[in-house]
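Enquirer: Data file data.txt (compact mmCIF, C-alpha atoms) is appended below.
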```txt
# COMPACT_ATOMS: atom_id res chain seq x y z
CA MET A 1 0.00 0.00 0.00
CA LYS A 2 2.86 2.38 0.78
CA ALA A 3 4.39 1.85 -2.66
CA LEU A 4 1.01 2.40 -4.34
CA SER A 5 0.48 5.58 -2.34
CA LEU A 6 3.87 6.92 -3.43
CA ILE A 7 3.11 6.17 -7.07
CA LEU A 8 -0.29 7.87 -6.93
CA ARG A 9 1.17 10.94 -5.23
CA PHE A 10 3.94 11.13 -7.82
CA PHE A 11 1.45 11.05 -10.71
CA ALA A 12 -0.86 13.58 -9.07
CA ARG A 13 2.01 15.97 -8.40
CA TYR A 14 3.77 15.84 -11.76
CA LEU A 15 1.11 15.00 -14.35
CA PRO A 16 0.15 18.61 -15.17
CA SER A 17 3.80 19.64 -15.54
CA PHE A 18 5.55 16.66 -17.12
CA SER A 19 2.81 15.80 -19.63
CA ARG A 20 1.99 17.55 -22.89
CA ILE A 21 -0.29 19.84 -20.91
CA GLY A 22 2.66 21.50 -19.20
CA TYR A 23 4.52 21.85 -22.47
CA TRP A 24 1.56 23.48 -24.21
CA VAL A 25 1.03 25.99 -21.42
CA ARG A 26 4.69 26.98 -21.08
CA SER A 27 5.39 27.14 -24.80
CA LEU A 28 2.77 29.86 -25.29
CA GLY A 29 5.35 32.39 -24.20
CA TRP A 30 8.32 31.02 -26.15
CA SER A 31 9.99 32.39 -29.24
CA PRO A 32 10.40 29.92 -32.13
CA LEU A 33 13.55 27.82 -31.84
CA ARG A 34 15.92 28.82 -34.64
CA LEU A 35 19.08 26.74 -34.36
CA ASP A 36 22.15 27.33 -36.52
CA ALA A 37 24.77 24.65 -35.90
CA SER A 38 26.81 25.19 -39.05
CA GLY A 39 30.43 24.15 -38.57
CA GLN A 40 29.71 22.21 -35.38
CA THR A 41 30.21 18.51 -34.67
CA TRP A 42 27.77 16.78 -32.35
CA LEU A 43 28.14 13.31 -30.82
CA VAL A 44 24.74 11.87 -29.84
CA THR A 45 24.45 8.54 -28.03
CA GLY A 46 21.34 6.40 -28.41
CA ALA A 47 20.80 8.10 -31.75
CA SER A 48 19.04 5.29 -33.61
CA GLY A 49 15.54 6.18 -32.38
CA GLY A 50 13.39 8.18 -30.00
CA LEU A 51 14.85 11.26 -28.36
CA GLY A 52 18.36 10.57 -29.66
CA GLU A 53 17.18 10.41 -33.26
CA ALA A 54 15.18 13.62 -32.82
CA ILE A 55 18.25 15.44 -31.44
CA ALA A 56 20.51 14.10 -34.19
CA SER A 57 17.96 14.96 -36.88
CA ALA A 58 17.50 18.51 -35.61
CA GLY A 59 21.25 19.01 -35.39
CA ALA A 60 21.83 17.75 -38.93
CA ALA A 61 19.00 19.94 -40.23
CA ALA A 62 20.65 22.91 -38.49
CA GLY A 63 23.94 22.21 -40.27
CA ALA A 64 25.87 20.22 -37.66
CA ASP A 65 27.93 17.18 -38.58
CA ILE A 66 26.45 14.38 -36.49
CA LEU A 67 28.28 11.40 -35.00
CA ALA A 68 25.33 9.09 -34.34
CA VAL A 69 26.17 6.34 -31.85
CA ALA A 70 24.04 3.26 -31.15
CA ARG A 71 24.43 -0.46 -30.68
CA SER A 72 22.44 -1.64 -33.69
CA ARG A 73 23.83 -0.99 -37.16
CA ASP A 74 20.48 -1.84 -38.73
CA LYS A 75 18.65 0.73 -36.59
CA LEU A 76 21.29 3.35 -37.31
CA GLU A 77 20.92 2.78 -41.05
CA ALA A 78 17.14 3.00 -40.78
CA MET A 79 17.52 6.26 -38.86
CA HIS A 80 19.90 7.58 -41.52
CA ALA A 81 17.41 6.75 -44.25
CA ARG A 82 14.86 8.95 -42.47
CA GLN A 83 17.15 12.00 -42.59
CA THR A 84 15.51 14.02 -45.35
CA GLU A 85 16.42 17.53 -44.18
CA ALA A 86 20.08 17.11 -43.19
CA ARG A 87 22.44 19.91 -44.13
CA GLY A 88 25.30 18.44 -42.10
CA ASP A 89 26.89 15.02 -42.55
CA VAL A 90 25.61 12.09 -40.47
CA THR A 91 28.24 9.48 -39.55
CA LEU A 92 26.96 6.19 -38.15
CA ILE A 93 29.01 4.69 -35.31
CA GLU A 94 28.16 1.22 -34.05
CA ALA A 95 29.10 0.97 -30.38
CA ASP A 96 27.53 -0.56 -27.29
CA CYS A 97 27.15 2.23 -24.74
CA ALA A 98 27.03 -0.40 -21.96
CA SER A 99 30.52 -1.63 -22.88
CA LEU A 100 33.50 0.18 -21.40
CA ASP A 101 35.72 -1.45 -24.03
CA ASP A 102 33.53 -0.14 -26.86
CA LEU A 103 33.46 3.34 -25.35
CA ARG A 104 37.22 3.45 -24.84
CA ARG A 105 37.67 2.38 -28.45
CA LEU A 106 35.23 5.05 -29.58
CA ALA A 107 37.09 7.76 -27.65
CA SER A 108 40.39 6.56 -29.07
CA ASP A 109 39.03 6.58 -32.63
CA LEU A 110 37.82 10.17 -32.15
CA ALA A 111 41.14 11.50 -30.83
CA GLY A 112 42.06 14.51 -32.92
CA THR A 113 38.42 15.36 -33.63
CA LYS A 114 36.90 18.46 -32.05
CA ILE A 115 33.44 17.74 -30.64
CA ASP A 116 31.40 20.86 -30.00
CA VAL A 117 28.40 19.12 -28.41
CA LEU A 118 28.17 15.76 -26.64
CA VAL A 119 24.64 14.61 -25.83
CA ASN A 120 24.62 11.79 -23.29
CA ASN A 121 21.17 10.66 -24.32
CA VAL A 122 21.28 6.87 -24.27
CA GLY A 123 19.24 5.27 -21.50
CA VAL A 124 17.35 2.07 -20.74
CA LEU A 125 14.78 0.98 -18.19
CA LEU A 126 14.91 -2.81 -17.88
CA ASN A 127 12.21 -4.88 -16.23
CA GLU A 128 14.47 -7.90 -15.89
CA TYR A 129 18.00 -8.11 -14.54
CA SER A 130 20.80 -8.53 -17.05
CA GLU A 131 24.54 -8.19 -16.85
CA THR A 132 27.19 -6.98 -19.27
CA SER A 133 30.20 -9.06 -20.26
CA GLU A 134 32.23 -6.78 -17.99
CA GLY A 135 30.15 -7.76 -14.95
CA PHE A 136 27.93 -4.69 -14.45
CA GLU A 137 24.15 -4.54 -14.33
CA THR A 138 23.22 -3.46 -17.85
CA SER A 139 21.16 -0.36 -17.09
CA TYR A 140 23.81 0.93 -14.68
CA ALA A 141 26.48 0.47 -17.34
CA THR A 142 24.31 2.20 -19.95
CA ASN A 143 22.71 5.01 -18.00
CA ILE A 144 25.57 6.39 -15.93
CA LEU A 145 28.83 4.40 -15.84
CA GLY A 146 29.31 4.40 -19.63
CA GLN A 147 28.41 8.08 -19.85
CA PHE A 148 31.00 8.90 -17.20
CA ALA A 149 33.66 6.79 -18.91
CA LEU A 150 33.03 8.19 -22.39
CA THR A 151 32.87 11.82 -21.29
CA GLU A 152 36.03 11.55 -19.19
CA ALA A 153 37.91 9.81 -22.02
CA LEU A 154 36.90 12.50 -24.50
CA ILE A 155 38.01 15.22 -22.08
CA GLU A 156 41.29 13.46 -21.41
CA ASN A 157 42.22 13.15 -25.09
CA GLY A 158 41.17 16.70 -25.92
CA THR A 159 38.19 15.78 -28.09
CA LEU A 160 36.07 17.81 -25.68
CA GLY A 161 37.79 21.10 -24.91
CA ARG A 162 37.27 24.80 -24.51
CA ASP A 163 33.78 25.90 -25.66
CA SER A 164 32.50 22.32 -25.88
CA LEU A 165 29.12 21.54 -24.34
CA VAL A 166 28.05 18.32 -22.62
CA VAL A 167 24.30 17.82 -22.15
CA SER A 168 23.00 14.79 -20.27
CA MET A 169 19.41 13.60 -20.61
CA SER A 170 17.99 12.75 -17.21
CA SER A 171 14.39 11.94 -16.23
CA GLY A 172 11.76 13.42 -13.96
CA GLY A 173 11.75 10.06 -12.18
CA MET A 174 14.91 11.13 -10.40
CA TYR A 175 12.78 13.32 -8.10
CA ASN A 176 11.73 10.14 -6.28
CA VAL A 177 15.20 9.12 -5.07
CA PRO A 178 18.36 10.57 -3.50
CA THR A 179 21.95 10.12 -4.70
CA LEU A 180 22.92 6.63 -3.53
CA PRO A 181 26.20 5.49 -5.13
CA ASP A 182 26.20 2.15 -3.30
CA GLU A 183 22.87 1.18 -4.91
CA LEU A 184 23.61 2.07 -8.54
CA ASP A 185 24.78 -1.41 -9.61
CA ALA A 186 21.87 -3.42 -8.25
CA PRO A 187 22.35 -7.17 -7.69
CA ALA A 188 20.03 -9.67 -9.32
CA GLU A 189 18.32 -10.71 -6.08
CA ASN A 190 16.73 -7.32 -5.40
CA PHE A 191 16.72 -5.72 -8.83
CA ASN A 192 13.92 -3.24 -9.49
CA GLY A 193 14.22 -1.72 -12.93
CA ALA A 194 12.21 1.44 -12.29
CA ARG A 195 14.11 2.24 -9.09
CA ALA A 196 17.45 1.51 -10.76
CA TYR A 197 16.55 3.85 -13.62
CA ALA A 198 15.55 6.63 -11.21
CA LEU A 199 18.80 6.23 -9.23
CA HIS A 200 20.85 6.45 -12.41
CA LYS A 201 19.00 9.56 -13.55
CA ARG A 202 19.52 11.19 -10.14
CA ALA A 203 23.21 10.30 -10.43
CA GLN A 204 23.40 12.10 -13.80
CA VAL A 205 22.30 15.31 -12.10
CA THR A 206 24.86 14.97 -9.32
CA LEU A 207 27.56 14.02 -11.83
CA THR A 208 26.86 17.13 -13.90
CA ASP A 209 27.61 19.30 -10.87
CA LEU A 210 30.78 17.33 -10.20
CA TRP A 211 31.92 17.83 -13.79
CA LYS A 212 31.32 21.57 -13.49
CA GLN A 213 33.50 21.71 -10.41
CA ARG A 214 36.28 19.38 -11.55
CA HIS A 215 36.66 20.70 -15.09
CA ALA A 216 35.91 24.39 -14.55
CA GLU A 217 39.31 25.46 -15.83
CA ARG A 218 38.89 23.62 -19.15
CA GLY A 219 36.14 25.89 -20.46
CA ILE A 220 33.67 23.02 -21.03
CA ALA A 221 30.01 23.64 -20.22
CA PHE A 222 27.99 20.89 -18.52
CA LEU A 223 24.19 20.89 -18.40
CA VAL A 224 21.53 18.32 -17.53
CA ALA A 225 17.91 18.30 -18.66
CA HIS A 226 14.87 16.10 -18.54
CA PRO A 227 12.26 15.76 -21.31
CA GLY A 228 9.07 15.27 -19.33
CA TRP A 229 6.92 12.24 -20.08
CA VAL A 230 7.49 11.33 -23.72
CA ASP A 231 5.87 8.60 -25.80
CA THR A 232 8.97 6.72 -26.97
CA GLN A 233 9.52 3.10 -27.92
CA GLY A 234 11.30 2.62 -24.61
CA VAL A 235 8.19 3.73 -22.71
CA LYS A 236 6.04 1.38 -24.80
CA THR A 237 8.33 -1.53 -23.99
CA SER A 238 9.27 -0.86 -20.37
CA LEU A 239 6.22 0.97 -18.98
CA PRO A 240 3.20 -0.39 -20.87
CA VAL A 241 0.67 0.32 -18.11
CA PHE A 242 1.98 3.87 -17.66
CA ARG A 243 1.70 4.44 -21.40
CA ARG A 244 -1.78 2.93 -21.65
CA LEU A 245 -3.08 5.20 -18.90
CA LEU A 246 -1.40 8.40 -20.05
CA ALA A 247 -1.08 8.00 -23.82
CA PRO A 248 -3.40 10.93 -24.66
CA VAL A 249 -1.22 13.42 -22.74
CA LEU A 250 2.29 12.06 -23.28
CA ARG A 251 4.65 14.38 -25.11
CA GLY A 252 5.89 13.75 -28.61
CA VAL A 253 9.63 13.40 -29.20
CA LYS A 254 9.94 16.90 -30.66
CA GLU A 255 8.44 18.31 -27.47
CA GLY A 256 10.74 16.10 -25.43
CA VAL A 257 13.93 17.36 -27.07
CA ASP A 258 12.98 21.03 -27.32
CA THR A 259 14.86 22.02 -24.17
CA VAL A 260 18.04 20.16 -25.14
CA LEU A 261 18.09 21.90 -28.52
CA TRP A 262 17.34 25.24 -26.85
CA LEU A 263 20.24 24.66 -24.44
CA ILE A 264 22.59 23.88 -27.32
CA GLY A 265 21.56 27.08 -29.06
CA ARG A 266 21.55 29.32 -25.97
CA ARG A 267 24.24 27.73 -23.75
CA PRO A 268 22.97 29.41 -20.57
CA VAL A 269 25.19 29.59 -17.50
CA THR A 270 23.81 28.34 -14.19
CA GLY A 271 25.22 27.47 -10.83
CA VAL A 272 25.14 24.03 -9.29
CA GLU A 273 22.05 22.00 -8.46
CA ARG A 274 19.84 22.85 -11.39
CA ILE A 275 18.14 20.65 -13.96
CA TRP A 276 16.70 22.18 -17.13
CA PHE A 277 13.11 21.47 -18.09
CA ASP A 278 10.92 23.35 -20.54
CA ARG A 279 13.58 26.03 -21.15
CA ALA A 280 14.06 26.93 -17.49
CA ALA A 281 16.43 25.89 -14.71
CA ARG A 282 14.50 23.90 -12.11
CA PRO A 283 15.37 22.68 -8.59
CA VAL A 284 16.87 19.21 -8.40
CA HIS A 285 14.96 18.35 -5.20
CA MET A 286 11.25 18.90 -4.62
CA GLY A 287 11.59 18.71 -0.85
CA SER A 288 14.10 17.96 1.86
CA ALA A 289 13.71 14.18 1.91
CA THR A 290 15.84 13.30 -1.13
CA ARG A 291 18.37 16.04 -0.36
CA GLU A 292 18.90 14.88 3.21
CA ALA A 293 19.11 11.20 2.24
CA SER A 294 21.71 11.77 -0.48
CA ALA A 295 25.25 10.55 0.04
CA PRO A 296 28.10 13.07 -0.40
CA ALA A 297 28.61 13.76 -4.10
CA ALA A 298 32.28 12.78 -3.87
CA GLN A 299 31.21 9.20 -3.17
CA LEU A 300 29.51 9.08 -6.57
CA TRP A 301 32.68 10.21 -8.33
CA ASP A 302 34.77 7.65 -6.44
CA ARG A 303 32.33 4.86 -7.33
CA LEU A 304 32.20 5.69 -11.02
CA ALA A 305 35.93 6.27 -11.30
CA SER A 306 36.63 2.94 -9.61
CA ASP A 307 34.20 0.99 -11.80
CA ALA A 308 35.46 2.71 -14.95
CA GLY A 309 39.03 1.78 -14.03
CA ARG A 310 40.19 5.38 -13.81
```
Could you write out this structure as structure tokens?
Expert:
Amino acid sequence: MKALSLILRFFARYLPSFSRIGYWVRSLGWSPLRLDASGQTWLVTGASGGLGEAIASAGAAAGADILAVARSRDKLEAMHARQTEARGDVTLIEADCASLDDLRRLASDLAGTKIDVLVNNVGVLLNEYSETSEGFETSYATNILGQFALTEALIENGTLGRDSLVVSMSSGGMYNVPTLPDELDAPAENFNGARAYALHKRAQVTLTDLWKQRHAERGIAFLVAHPGWVDTQGVKTSLPVFRRLLAPVLRGVKEGVDTVLWLIGRRPVTGVERIWFDRAARPVHMGSATREASAPAAQLWDRLASDAGR
């Protein structure tokens, strides 16, 4: 009953804001998004569908050269075939974002390239436990560990440098949980996919602040956003009941990526502890409970650095 009560309260609190309703209301006061990315190179993970494809497509249409990263070559090629308005080049890169080996190889292959925008978009919510060949729970490896490893490798080899921008795609689900580094790599015996996903998305927010602090002198901007509740293939697969109940008010992918594209175009400067949603910086806690229960941020860095072998 307690779990059901928490779920109902979460839906009641966030439905007007995170759904299409909130987007429609807020967008009434917005100027049209006119993005010129000519001469830029963007690396977008999870680019073969959903939010990642929408970001890559918008970037290519705005003139950016896109490095589109995903695990499935077939899905990447299908995505590429749908690019009818691209002004920039789209390069397909087959890599498993849950594999540290693949991500290290990707970073090595890109050495000497200047990436203007990295979008850490890839994410999975798994209903069943699975493990990578490197021994990590798959969603942990995909949602946060791999993003940490790739971003740090690209910074280390100079691919990300002064005036580069890193945007990570979080989720409104992170409001339900604190930062708990010791629980990120959940064991099979008590795996809960929705909780794991929320913990990883909370960790992305904390990690963004850590990046700002640790790499301030490099001139790299770090931002984190969430898209609201979007009707993607991942939602259809992982949250079928949620989708069935809320399908009429779920956002479309273009609505879901609007803020990320706006951030890339505007590059606003904010202090720590902010997540961007619907073109505005929002609090990262909606009360004291998750703030007070969070472990020190340094513990997250130590955990990720240890698991990434850094």
Enquirer: Using atom CA of A:Arg214 and atom CA of A:Phe148 as the two end points, give the distance in Å to one decimal.
Expert: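 A separation of 13.0 Å between them.
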Enquirer: Report the distance between atom CA of A:Gln299 and atom CA of A:Asn120 in Å, rounded to one decimal place.
Expert: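 A separation of 21.3 Å between them.
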Enquirer: Have a look at A:Ala293, A:Ala81, A:Ala149, A:Val284 and name the one nearest to A:Asp209; count all atoms listed in the file.
Expert: A:Val284
Enquirer: Can you work out the spacing between atom CA of A:Leu180 and atom CA of A:His226 in Å, to one decimal?
Expert: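 These two atoms are separated by 19.5 Å.
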Enquirer: Set up a box along x, y and z of the file covering all listed atoms of stretch 98-104 of chain A, add 6 Å on every one of the six sides, and write the centre and edge lengths in Å to one decimal, as JSON.
Expert:
```
{"center_x": 32.1, "center_y": 0.9, "center_z": -24.1, "size_x": 22.2, "size_y": 17.1, "size_z": 17.5}
```
Enquirer: Restricting the calculation to all atoms listed in the file: of A:Gly123, A:Gly172, A:Gly271, A:Gly146, which residue gets closest to A:Gly46?
Expert: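 When distances to A:Gly46 are compared using all atoms listed in the file, the smallest one comes from A:Gly123.
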Enquirer: Which of these, A:Ile144, A:Glu128, A:Val119, A:Ala280, has the shortest distance to A:Ala221 once you count only C-alpha atoms?
Expert: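 Counting only C-alpha atoms, the residue closest to A:Ala221 is A:Val119.
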Enquirer: Which of these, A:Arg104, A:Ala54, A:Asp116, A:Arg162, has the shortest distance to A:Gly39 once you count all atoms listed in the file?
Expert: A:Asp116
Enquirer: Between A:Ile115, A:Leu103, A:Leu43, A:Ala98, single out the one closest to A:Ser164, counting only C-alpha atoms.
Expert: A:Ile115
Enquirer: Counting all atoms listed in the file, which of A:Ala194, A:Leu239, A:Val167, A:Val177 gets nearest to A:Thr259?
Expert: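 For A:Thr259, the nearest of the candidates is A:Val167.
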Enquirer: Can I get N, CA and C atoms for stretch 229-241 of chain A, as a PDB file, in the first residue's frame?
Expert:
```pdb
ATOM      1  N   TRP A 229       7.411  13.587 -19.760  1.00  0.00           N
ATOM      2  CA  TRP A 229       6.920  12.243 -20.077  1.00  0.00           C
ATOM      3  C   TRP A 229       6.654  12.150 -21.578  1.00  0.00           C
ATOM      4  N   VAL A 230       7.507  11.382 -22.252  1.00  0.00           N
ATOM      5  CA  VAL A 230       7.494  11.331 -23.716  1.00  0.00           C
ATOM      6  C   VAL A 230       7.100   9.933 -24.186  1.00  0.00           C
ATOM      7  N   ASP A 231       6.335   9.874 -25.246  1.00  0.00           N
ATOM      8  CA  ASP A 231       5.868   8.602 -25.803  1.00  0.00           C
ATOM      9  C   ASP A 231       6.931   8.046 -26.751  1.00  0.00           C
ATOM     10  N   THR A 232       7.901   7.337 -26.186  1.00  0.00           N
ATOM     11  CA  THR A 232       8.971   6.719 -26.968  1.00  0.00           C
ATOM     12  C   THR A 232       8.782   5.210 -27.011  1.00  0.00           C
ATOM     13  N   GLN A 233       9.572   4.559 -27.840  1.00  0.00           N
ATOM     14  CA  GLN A 233       9.523   3.104 -27.920  1.00  0.00           C
ATOM     15  C   GLN A 233       9.936   2.479 -26.592  1.00  0.00           C
ATOM     16  N   GLY A 234      10.885   3.135 -25.904  1.00  0.00           N
ATOM     17  CA  GLY A 234      11.303   2.625 -24.606  1.00  0.00           C
ATOM     18  C   GLY A 234      10.176   2.628 -23.592  1.00  0.00           C
ATOM     19  N   VAL A 235       9.352   3.662 -23.613  1.00  0.00           N
ATOM     20  CA  VAL A 235       8.191   3.726 -22.712  1.00  0.00           C
ATOM     21  C   VAL A 235       7.188   2.635 -23.074  1.00  0.00           C
ATOM     22  N   LYS A 236       6.966   2.432 -24.364  1.00  0.00           N
ATOM     23  CA  LYS A 236       6.037   1.383 -24.797  1.00  0.00           C
ATOM     24  C   LYS A 236       6.482   0.013 -24.312  1.00  0.00           C
ATOM     25  N   THR A 237       7.793  -0.220 -24.354  1.00  0.00           N
ATOM     26  CA  THR A 237       8.331  -1.530 -23.989  1.00  0.00           C
ATOM     27  C   THR A 237       8.431  -1.719 -22.485  1.00  0.00           C
ATOM     28  N   SER A 238       8.945  -0.705 -21.785  1.00  0.00           N
ATOM     29  CA  SER A 238       9.269  -0.858 -20.371  1.00  0.00           C
ATOM     30  C   SER A 238       8.147  -0.464 -19.427  1.00  0.00           C
ATOM     31  N   LEU A 239       7.288   0.460 -19.854  1.00  0.00           N
ATOM     32  CA  LEU A 239       6.224   0.966 -18.977  1.00  0.00           C
ATOM     33  C   LEU A 239       4.872   0.898 -19.693  1.00  0.00           C
ATOM     34  N   PRO A 240       4.423  -0.285 -20.081  1.00  0.00           N
ATOM     35  CA  PRO A 240       3.199  -0.388 -20.875  1.00  0.00           C
ATOM     36  C   PRO A 240       1.952   0.109 -20.153  1.00  0.00           C
ATOM     37  N   VAL A 241       1.850  -0.131 -18.853  1.00  0.00           N
ATOM     38  CA  VAL A 241       0.671   0.323 -18.111  1.00  0.00           C
ATOM     39  C   VAL A 241       0.675   1.843 -18.017  1.00  0.00           C
TER      40      VAL A 241
END
```
